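> Following this line is start_12.csv, made up of CSV, C-alpha atoms:
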chain,number,residue,atom,x,y,z
A,80,MET,CA,-34.9,12.5,-39.9
A,81,LEU,CA,-38.6,11.8,-39.6
A,82,THR,CA,-40.6,12.2,-36.4
A,83,VAL,CA,-43.9,11.0,-37.7
A,84,ASN,CA,-44.4,7.3,-38.4
A,85,TYR,CA,-46.1,7.1,-41.8
A,86,ASP,CA,-47.5,3.6,-41.1
A,87,ARG,CA,-49.2,4.9,-38.0
A,88,LEU,CA,-50.5,7.8,-40.0
A,89,GLU,CA,-51.8,5.4,-42.5
A,90,LEU,CA,-50.7,7.6,-45.4
A,91,ARG,CA,-51.8,6.2,-48.7
A,92,GLU,CA,-51.0,6.8,-52.4
A,93,GLY,CA,-53.2,9.6,-53.7
A,94,HIS,CA,-54.0,11.2,-50.3
A,95,LEU,CA,-53.8,14.9,-50.1
A,96,MET,CA,-51.6,15.8,-47.1
A,97,LEU,CA,-50.8,19.1,-45.4
A,98,ASP,CA,-47.3,19.5,-43.9
A,99,LEU,CA,-48.0,22.4,-41.5
A,100,GLY,CA,-44.9,24.2,-40.2
A,101,CYS,CA,-43.0,22.3,-42.9
A,102,GLY,CA,-39.7,24.0,-42.3
A,103,PHE,CA,-37.3,22.7,-45.0
A,104,GLY,CA,-39.7,19.8,-45.9
A,105,ARG,CA,-38.5,16.6,-44.3
A,106,HIS,CA,-42.0,15.2,-43.8
A,107,ALA,CA,-43.2,16.6,-47.2
A,108,TYR,CA,-40.5,14.8,-49.1
A,109,GLU,CA,-41.3,11.4,-47.5
A,110,ALA,CA,-45.0,11.8,-48.2
A,111,LEU,CA,-44.2,12.6,-51.9
A,112,ARG,CA,-42.0,9.4,-52.1
A,113,ARG,CA,-45.0,7.5,-50.9
A,114,GLY,CA,-47.3,8.8,-53.6
A,115,ALA,CA,-49.2,11.4,-51.6
A,116,ASN,CA,-50.0,14.9,-52.9
A,117,VAL,CA,-48.6,17.5,-50.6
A,118,ILE,CA,-49.2,21.1,-49.7
A,119,ALA,CA,-46.3,22.5,-47.6
A,120,CYS,CA,-47.3,25.4,-45.4
A,121,ASP,CA,-45.1,27.6,-43.3
A,122,LEU,CA,-44.8,31.3,-42.2
A,123,ALA,CA,-41.3,31.5,-43.6
A,124,HIS,CA,-41.2,32.3,-47.3
A,125,ASP,CA,-37.6,31.3,-47.8
A,126,GLU,CA,-38.2,27.8,-46.5
A,127,LEU,CA,-41.1,27.4,-48.8
A,128,VAL,CA,-39.0,28.4,-51.8
A,129,GLU,CA,-36.4,25.7,-50.8
A,130,VAL,CA,-39.1,23.1,-50.4
A,131,ARG,CA,-40.4,23.8,-53.9
A,132,LYS,CA,-36.9,23.6,-55.3
A,133,ILE,CA,-36.1,20.3,-53.7
A,134,ALA,CA,-39.4,18.7,-54.6
A,135,TYR,CA,-39.0,19.6,-58.2
A,136,ALA,CA,-35.5,18.3,-58.2
A,137,MET,CA,-36.9,15.0,-56.8
A,138,LEU,CA,-39.4,14.9,-59.6
A,139,SER,CA,-36.7,15.6,-62.2
A,140,ASP,CA,-34.5,12.8,-60.8
A,141,GLY,CA,-37.4,10.3,-60.8
A,142,GLU,CA,-37.5,10.0,-57.1
A,143,ILE,CA,-41.2,10.8,-57.0
A,144,ALA,CA,-44.0,9.9,-59.5
A,145,GLU,CA,-44.9,12.3,-62.2
A,146,ASP,CA,-48.6,12.4,-61.3
A,147,VAL,CA,-47.8,13.5,-57.7
A,148,SER,CA,-48.4,17.1,-57.0
A,149,VAL,CA,-46.7,19.5,-54.5
A,150,SER,CA,-47.4,23.1,-53.8
A,151,ALA,CA,-46.4,25.6,-51.1
A,152,SER,CA,-48.6,28.0,-49.2
A,153,GLN,CA,-47.5,30.7,-46.7
A,154,GLY,CA,-49.9,30.8,-43.8
A,155,ASP,CA,-50.6,31.2,-40.1
A,156,ALA,CA,-51.7,28.0,-38.2
A,157,THR,CA,-54.5,29.9,-36.4
A,158,THR,CA,-56.1,31.1,-39.7
A,159,LEU,CA,-55.2,28.6,-42.4
A,160,PRO,CA,-56.0,29.5,-46.0
A,161,PHE,CA,-57.8,26.3,-46.9
A,162,PRO,CA,-61.5,25.3,-47.2
A,163,ASP,CA,-63.2,23.1,-44.7
A,164,GLU,CA,-62.5,19.3,-45.0
A,165,THR,CA,-59.7,19.6,-47.5
A,166,PHE,CA,-57.1,17.1,-46.4
A,167,ASP,CA,-57.0,13.4,-46.0
A,168,ARG,CA,-53.9,13.6,-43.7
A,169,ILE,CA,-52.2,16.4,-41.8
A,170,ILE,CA,-48.8,16.6,-40.1
A,171,ALA,CA,-48.1,19.5,-37.7
A,172,SER,CA,-44.6,18.7,-36.5
A,173,GLU,CA,-42.8,20.8,-33.9
A,174,VAL,CA,-45.0,23.9,-34.5
A,175,LEU,CA,-47.8,24.0,-31.9
A,176,GLU,CA,-45.4,24.7,-29.0
A,177,HIS,CA,-44.5,28.0,-30.7
A,178,ILE,CA,-48.1,29.3,-31.0
A,179,PRO,CA,-49.6,31.3,-28.1
A,180,ALA,CA,-53.2,30.7,-29.3
A,181,ASP,CA,-52.8,27.0,-29.7
A,182,ASP,CA,-56.5,26.3,-29.2
A,183,ALA,CA,-57.2,28.2,-32.4
A,184,ALA,CA,-54.6,26.2,-34.2
A,185,PHE,CA,-56.1,22.9,-33.1
A,186,ALA,CA,-59.5,24.1,-34.2
A,187,GLU,CA,-58.1,25.0,-37.6
A,188,LEU,CA,-56.5,21.6,-38.0
A,189,ALA,CA,-59.8,19.9,-37.2
A,190,ARG,CA,-61.7,22.2,-39.6
A,191,ILE,CA,-59.6,21.4,-42.6
A,192,LEU,CA,-59.3,17.7,-42.0
A,193,LYS,CA,-61.8,15.5,-43.8
A,194,PRO,CA,-64.2,13.3,-41.8
A,195,GLY,CA,-62.4,10.0,-41.3
A,196,GLY,CA,-59.0,11.7,-41.9
A,197,MET,CA,-56.1,11.5,-39.6
A,198,LEU,CA,-53.5,13.9,-38.3
A,199,ALA,CA,-50.2,13.6,-36.5
A,200,VAL,CA,-49.1,16.3,-34.1
A,201,THR,CA,-45.5,16.3,-32.8
A,202,VAL,CA,-44.3,18.5,-30.0
A,203,PRO,CA,-41.2,18.4,-27.6
A,204,ALA,CA,-41.8,15.7,-25.0
A,205,PHE,CA,-42.4,16.8,-21.5
A,206,LEU,CA,-39.3,15.5,-19.6
A,207,PRO,CA,-36.6,16.4,-22.1
A,208,GLU,CA,-38.2,19.7,-22.7
A,209,ARG,CA,-38.5,20.5,-19.0
A,210,ILE,CA,-34.8,19.8,-18.5
A,211,CYS,CA,-33.9,22.1,-21.4
A,212,TRP,CA,-36.0,24.9,-19.9
A,213,ALA,CA,-34.4,24.4,-16.5
A,214,LEU,CA,-30.9,24.6,-18.0
A,215,SER,CA,-31.4,27.7,-20.1
A,216,ASP,CA,-33.9,30.5,-20.5
A,217,ASP,CA,-32.4,31.2,-24.0
A,218,TYR,CA,-33.5,27.8,-25.2
A,219,HIS,CA,-37.2,28.7,-25.3
A,220,ALA,CA,-37.4,32.5,-25.2
A,221,PRO,CA,-38.4,35.0,-26.3
A,222,ALA,CA,-41.7,33.9,-27.8
A,223,ALA,CA,-41.8,36.9,-30.1
A,224,GLU,CA,-38.7,35.5,-31.9
A,225,GLY,CA,-40.2,32.0,-32.3
A,226,GLY,CA,-39.4,30.5,-29.0
A,227,HIS,CA,-41.3,27.8,-27.2
A,228,VAL,CA,-44.2,29.1,-25.2
A,229,ARG,CA,-45.4,25.9,-23.4
A,230,ILE,CA,-44.5,22.4,-22.5
A,231,TYR,CA,-47.2,19.8,-23.3
A,232,THR,CA,-48.1,16.7,-21.4
A,233,VAL,CA,-49.8,13.8,-23.2
A,234,ALA,CA,-53.0,14.6,-21.3
A,235,GLU,CA,-52.9,18.2,-22.5
A,236,ILE,CA,-52.5,17.2,-26.1
A,237,ARG,CA,-55.3,14.8,-25.9
A,238,SER,CA,-57.5,17.4,-24.2
A,239,ARG,CA,-56.9,19.9,-26.9
A,240,LEU,CA,-57.6,17.3,-29.6
A,241,ALA,CA,-60.8,16.3,-28.0
A,242,THR,CA,-61.9,19.9,-27.6
A,243,ALA,CA,-61.4,20.4,-31.3
A,244,GLY,CA,-63.6,17.4,-32.0
A,245,LEU,CA,-60.8,14.8,-32.8
A,246,ASP,CA,-60.4,11.3,-31.4
A,247,TYR,CA,-57.1,10.2,-30.0
A,248,HIS,CA,-55.7,7.2,-31.9
A,249,ASP,CA,-52.1,6.5,-31.0
A,250,ARG,CA,-48.8,8.0,-29.7
A,251,HIS,CA,-45.1,7.3,-29.5
A,252,HIS,CA,-41.8,9.1,-28.7
A,253,ALA,CA,-38.9,9.7,-31.0
A,254,HIS,CA,-35.3,11.0,-31.2
A,255,ALA,CA,-34.0,9.9,-27.8
A,256,LEU,CA,-30.4,10.4,-28.8
A,257,HIS,CA,-31.1,14.0,-29.5
A,258,SER,CA,-32.2,14.8,-25.9
A,259,PRO,CA,-28.6,14.6,-24.4
A,260,TYR,CA,-27.4,16.8,-27.2
A,261,TRP,CA,-29.9,19.5,-26.4
A,262,TRP,CA,-29.1,19.2,-22.7
A,263,LEU,CA,-25.5,19.8,-23.5
A,264,ARG,CA,-26.4,22.7,-25.8
A,265,CYS,CA,-28.5,24.3,-23.1
A,266,ALA,CA,-25.8,23.8,-20.4
A,267,VAL,CA,-23.1,25.6,-22.5
A,268,GLY,CA,-25.5,28.1,-24.1
A,269,PRO,CA,-27.9,27.2,-26.9
A,270,ASN,CA,-27.0,30.3,-28.9
A,271,GLU,CA,-23.3,29.4,-29.0
A,272,GLU,CA,-21.9,27.9,-32.2
A,273,VAL,CA,-21.7,24.1,-32.1
A,274,GLU,CA,-18.0,24.3,-32.9
A,275,ASP,CA,-17.3,26.4,-29.8
A,276,ASN,CA,-17.5,23.4,-27.5
A,277,ARG,CA,-15.7,20.2,-28.1
A,278,LEU,CA,-18.2,17.9,-26.4
A,279,VAL,CA,-21.2,19.5,-28.2
A,280,SER,CA,-19.3,19.4,-31.5
A,281,ALA,CA,-18.4,15.7,-31.0
A,282,TYR,CA,-22.0,14.8,-30.2
A,283,HIS,CA,-23.3,16.8,-33.2
A,284,ARG,CA,-20.9,14.8,-35.4
A,285,LEU,CA,-22.2,11.5,-33.9
A,286,LEU,CA,-25.8,12.5,-34.6
A,287,SER,CA,-25.0,13.5,-38.2
A,288,TRP,CA,-23.2,10.2,-38.7
A,289,ASP,CA,-26.2,8.3,-37.2
A,290,ILE,CA,-28.7,10.1,-39.5
A,291,ILE,CA,-26.7,9.3,-42.6
A,292,ASN,CA,-25.8,5.7,-41.7
A,293,ALA,CA,-28.5,4.5,-39.4
A,294,PRO,CA,-26.4,1.7,-37.9
A,295,PHE,CA,-28.0,-1.1,-36.0
A,296,VAL,CA,-26.5,-0.3,-32.6
A,297,THR,CA,-27.7,3.3,-32.5
A,298,ARG,CA,-31.1,2.5,-33.9
A,299,THR,CA,-31.6,-0.2,-31.3
A,300,ALA,CA,-30.4,2.1,-28.5
A,301,GLU,CA,-32.7,4.8,-29.6
A,302,SER,CA,-35.7,2.5,-29.8
A,303,LEU,CA,-35.1,1.4,-26.3
A,304,LEU,CA,-34.6,4.9,-24.9
A,305,ASN,CA,-37.4,6.6,-26.8
A,306,PRO,CA,-40.1,5.8,-24.2
A,307,LEU,CA,-37.9,7.3,-21.5
A,308,ILE,CA,-36.2,10.3,-23.0
A,309,GLY,CA,-37.5,10.7,-26.6
A,310,LYS,CA,-37.1,14.3,-27.6
A,311,SER,CA,-40.4,14.4,-29.5
A,312,LEU,CA,-43.9,13.2,-28.7
A,313,ALA,CA,-46.0,12.2,-31.7
A,314,VAL,CA,-49.7,11.9,-31.2
A,315,TYR,CA,-52.2,10.7,-33.8
A,316,ALA,CA,-55.8,11.5,-34.0
A,317,THR,CA,-58.8,11.0,-36.3
A,318,LYS,CA,-61.8,13.1,-37.2
A,319,PRO,CA,-65.0,11.3,-36.7
A,320,ALA,CA,-67.1,10.6,-39.8
A,321,ALA,CA,-70.3,12.7,-40.2
A,322,GLY,CA,-72.8,12.0,-37.5
A,323,GLU,CA,-70.2,10.4,-35.1
A,324,GLN,CA,-69.2,11.9,-31.8
A,325,THR,CA,-65.8,12.4,-30.3
A,326,THR,CA,-65.1,9.3,-28.1
A,327,ASP,CA,-61.9,10.3,-26.3
A,328,ARG,CA,-63.3,10.3,-22.7
A,329,ILE,CA,-59.8,10.3,-21.2
A,330,ALA,CA,-59.0,13.5,-23.0
A,331,HIS,CA,-62.3,15.1,-21.9
A,332,ALA,CA,-61.5,14.3,-18.3
A,333,TYR,CA,-58.5,16.7,-18.5
A,334,SER,CA,-60.3,19.5,-20.4
What does this structure look like when you write it as structure tokens?


Amino acid sequence: MLTVNYDRLELREGHLMLDLGCGFGRHAYEALRRGANVIACDLAHDELVEVRKIAYAMLSDGEIAEDVSVSASQGDATTLPFPDETFDRIIASEVLEHIPADDAAFAELARILKPGGMLAVTVPAFLPERICWALSDDYHAPAAEGGHVRIYTVAEIRSRLATAGLDYHDRHHAHALHSPYWWLRCAVGPNEEVEDNRLVSAYHRLLSWDIINAPFVTRTAESLLNPLIGKSLAVYATKPAAGEQTTDRIAHAYS
């Protein structure tokens, strides 16, 4: 289940891409399939081990090209272990809302992105996230255990990108069908097991079926609902080439 649109990211064969906060690697695997070289980065060591295992299984099965490289790096988004201007493309999916010092994380993303490169940042969208917070304190807290520490608006994301020296490029919403699921989870208790509530369990089965089968009716419904209740907001930005200035005046107006 991808949140980032790779056509909007303009990912090309041979690009070096960072998947920051990679989790279990969903975005890394798609980038590898498209011929990009990938570094998966996360704080969680166990997840990085799993990403390496699956990536090498994909290589063994011929699912990715033999000349494509993949590696894993354990790191903190506010002090990334990479040289300046390393990556052609960066994905930071559903990670920045967990970081108290997000200004440092945006600065690091800008530092390691090549001039002319592009990044995609995805965060929980404002309205669905606000409803989740209103329904349950347990959904986003405590921050010390990896909870969400803020809710972003589009203007706030653009402002942070501009402050870091990046130009806003594009945006979209994704995963509208997942918003009602999380509202249900929050209403009954997000820490409860899915199977403990019949309605939550039934909706979870529907989502699993949809992810596997991607039928026309649910894909159409989600595309229509995404602008209204899409669970995730994806924002794309570019790093100006050497000598150019950041041009996102709208973002600067909110800084």

> When you count all atoms listed in the file, which of these residues is closest to Leu111 (chain A): A:Ile143, A:Ile170, A:Leu90, A:Leu97?

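That would be A:Ile143, the residue with the smallest distance to Leu111 (chain A).
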
> If we count all atoms listed in the file, what is near Val233 (chain A) at a cut-off of 10 Å, once residues fewer than 6 positions away on the same chain are taken out, given as a list in words?

Val202, Ala204, Phe205, Arg250, Leu312, Ala313, Val314 and Ala330 of chain A

> Give me the residues within 10 Å of Ser311 (chain A) as a PDB file with C-alpha atoms, keeping the file's coordinate frame, counting all atoms listed in the file and dropping any in the same chain fewer than 5 places off.


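Ended up saving to selection-v7.pdb:
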ATOM      1  CA  THR A  82     -40.600  12.200 -36.400  1.00  0.00           C
ATOM      2  CA  VAL A  83     -43.900  11.000 -37.700  1.00  0.00           C
ATOM      3  CA  SER A 172     -44.600  18.700 -36.500  1.00  0.00           C
ATOM      4  CA  GLU A 173     -42.800  20.800 -33.900  1.00  0.00           C
ATOM      5  CA  THR A 201     -45.500  16.300 -32.800  1.00  0.00           C
ATOM      6  CA  VAL A 202     -44.300  18.500 -30.000  1.00  0.00           C
ATOM      7  CA  PRO A 203     -41.200  18.400 -27.600  1.00  0.00           C
ATOM      8  CA  ALA A 204     -41.800  15.700 -25.000  1.00  0.00           C
ATOM      9  CA  PHE A 205     -42.400  16.800 -21.500  1.00  0.00           C
ATOM     10  CA  PRO A 207     -36.600  16.400 -22.100  1.00  0.00           C
ATOM     11  CA  GLU A 208     -38.200  19.700 -22.700  1.00  0.00           C
ATOM     12  CA  HIS A 251     -45.100   7.300 -29.500  1.00  0.00           C
ATOM     13  CA  HIS A 252     -41.800   9.100 -28.700  1.00  0.00           C
ATOM     14  CA  ALA A 253     -38.900   9.700 -31.000  1.00  0.00           C
ATOM     15  CA  HIS A 254     -35.300  11.000 -31.200  1.00  0.00           C
ATOM     16  CA  ALA A 255     -34.000   9.900 -27.800  1.00  0.00           C
ATOM     17  CA  HIS A 257     -31.100  14.000 -29.500  1.00  0.00           C
ATOM     18  CA  SER A 258     -32.200  14.800 -25.900  1.00  0.00           C
ATOM     19  CA  ASN A 305     -37.400   6.600 -26.800  1.00  0.00           C
TER      20      ASN A 305
END

> With distances taken over all atoms listed in the file, which of A:Pro194, A:Pro160, A:Gly225, A:Gly154 is nearest to Gly100 (chain A)?

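Looking at the shortest contact to Gly100 (chain A), the residue is A:Gly154.
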
> With distances taken over only C-alpha atoms, which residue among A:Arg190, A:Arg131, A:Arg113, A:Lys310 lies nearest Ile210 (chain A)?

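Under the stated criterion, the closest residue is A:Lys310.
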
> Report, in Å to a single decimal, how far apart CA of Ile291 (chain A) and CA of Tyr218 (chain A) are.

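Value for the CA of Tyr218 (chain A)-CA of Ile291 (chain A) distance: 26.3 Å.
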
> Report the distance between CA of Asp167 (chain A) and CA of Thr317 (chain A) in Å, rounded to one decimal place.

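For CA of Asp167 (chain A) relative to CA of Thr317 (chain A), the distance reads 10.2 Å.
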
> Measuring atom to atom with all atoms listed in the file, identify which of A:Arg264, A:Lys318, A:Arg277, A:His283 is nearest to Leu198 (chain A).

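Ranked by minimum distance to Leu198 (chain A), first place goes to A:Lys318.
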
> Using Å and a single decimal, report how far CA of Ala241 (chain A) sits from CA of Leu95 (chain A).

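It comes out at 23.2 Å.
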
> Please, can region 209-223 of chain A be completed to N, CA and C atoms and returned as a PDB file, in the frame of the given file?


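Output below, filename rebuild-v5.pdb:
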ATOM      1  N   ARG A 209     -38.582  19.897 -20.300  1.00  0.00           N
ATOM      2  CA  ARG A 209     -38.500  20.500 -19.000  1.00  0.00           C
ATOM      3  C   ARG A 209     -37.054  20.684 -18.553  1.00  0.00           C
ATOM      4  N   ILE A 210     -36.225  19.694 -18.858  1.00  0.00           N
ATOM      5  CA  ILE A 210     -34.800  19.800 -18.500  1.00  0.00           C
ATOM      6  C   ILE A 210     -34.148  20.924 -19.303  1.00  0.00           C
ATOM      7  N   CYS A 211     -34.470  21.036 -20.575  1.00  0.00           N
ATOM      8  CA  CYS A 211     -33.900  22.100 -21.400  1.00  0.00           C
ATOM      9  C   CYS A 211     -34.307  23.488 -20.835  1.00  0.00           C
ATOM     10  N   TRP A 212     -35.567  23.644 -20.455  1.00  0.00           N
ATOM     11  CA  TRP A 212     -36.000  24.900 -19.900  1.00  0.00           C
ATOM     12  C   TRP A 212     -35.319  25.225 -18.581  1.00  0.00           C
ATOM     13  N   ALA A 213     -35.068  24.185 -17.772  1.00  0.00           N
ATOM     14  CA  ALA A 213     -34.400  24.400 -16.500  1.00  0.00           C
ATOM     15  C   ALA A 213     -32.934  24.798 -16.684  1.00  0.00           C
ATOM     16  N   LEU A 214     -32.326  24.301 -17.744  1.00  0.00           N
ATOM     17  CA  LEU A 214     -30.900  24.600 -18.000  1.00  0.00           C
ATOM     18  C   LEU A 214     -30.664  25.934 -18.627  1.00  0.00           C
ATOM     19  N   SER A 215     -31.623  26.425 -19.406  1.00  0.00           N
ATOM     20  CA  SER A 215     -31.400  27.700 -20.100  1.00  0.00           C
ATOM     21  C   SER A 215     -32.658  28.389 -20.497  1.00  0.00           C
ATOM     22  N   ASP A 216     -32.745  29.669 -20.098  1.00  0.00           N
ATOM     23  CA  ASP A 216     -33.900  30.500 -20.500  1.00  0.00           C
ATOM     24  C   ASP A 216     -33.803  30.812 -22.006  1.00  0.00           C
ATOM     25  N   ASP A 217     -32.588  30.865 -22.557  1.00  0.00           N
ATOM     26  CA  ASP A 217     -32.400  31.200 -24.000  1.00  0.00           C
ATOM     27  C   ASP A 217     -32.950  30.117 -24.899  1.00  0.00           C
ATOM     28  N   TYR A 218     -33.093  28.903 -24.378  1.00  0.00           N
ATOM     29  CA  TYR A 218     -33.500  27.800 -25.200  1.00  0.00           C
ATOM     30  C   TYR A 218     -34.955  28.034 -25.751  1.00  0.00           C
ATOM     31  N   HIS A 219     -35.828  28.596 -24.923  1.00  0.00           N
ATOM     32  CA  HIS A 219     -37.200  28.700 -25.300  1.00  0.00           C
ATOM     33  C   HIS A 219     -37.746  30.126 -25.444  1.00  0.00           C
ATOM     34  N   ALA A 220     -36.950  31.102 -25.151  1.00  0.00           N
ATOM     35  CA  ALA A 220     -37.400  32.500 -25.200  1.00  0.00           C
ATOM     36  C   ALA A 220     -36.567  33.334 -26.092  1.00  0.00           C
ATOM     37  N   PRO A 221     -37.081  34.492 -26.541  1.00  0.00           N
ATOM     38  CA  PRO A 221     -38.400  35.000 -26.300  1.00  0.00           C
ATOM     39  C   PRO A 221     -39.438  34.447 -27.305  1.00  0.00           C
ATOM     40  N   ALA A 222     -40.682  34.385 -26.905  1.00  0.00           N
ATOM     41  CA  ALA A 222     -41.700  33.900 -27.800  1.00  0.00           C
ATOM     42  C   ALA A 222     -41.878  34.690 -29.037  1.00  0.00           C
ATOM     43  N   ALA A 223     -41.639  35.994 -28.940  1.00  0.00           N
ATOM     44  CA  ALA A 223     -41.800  36.900 -30.100  1.00  0.00           C
ATOM     45  C   ALA A 223     -40.815  36.536 -31.214  1.00  0.00           C
TER      46      ALA A 223
END
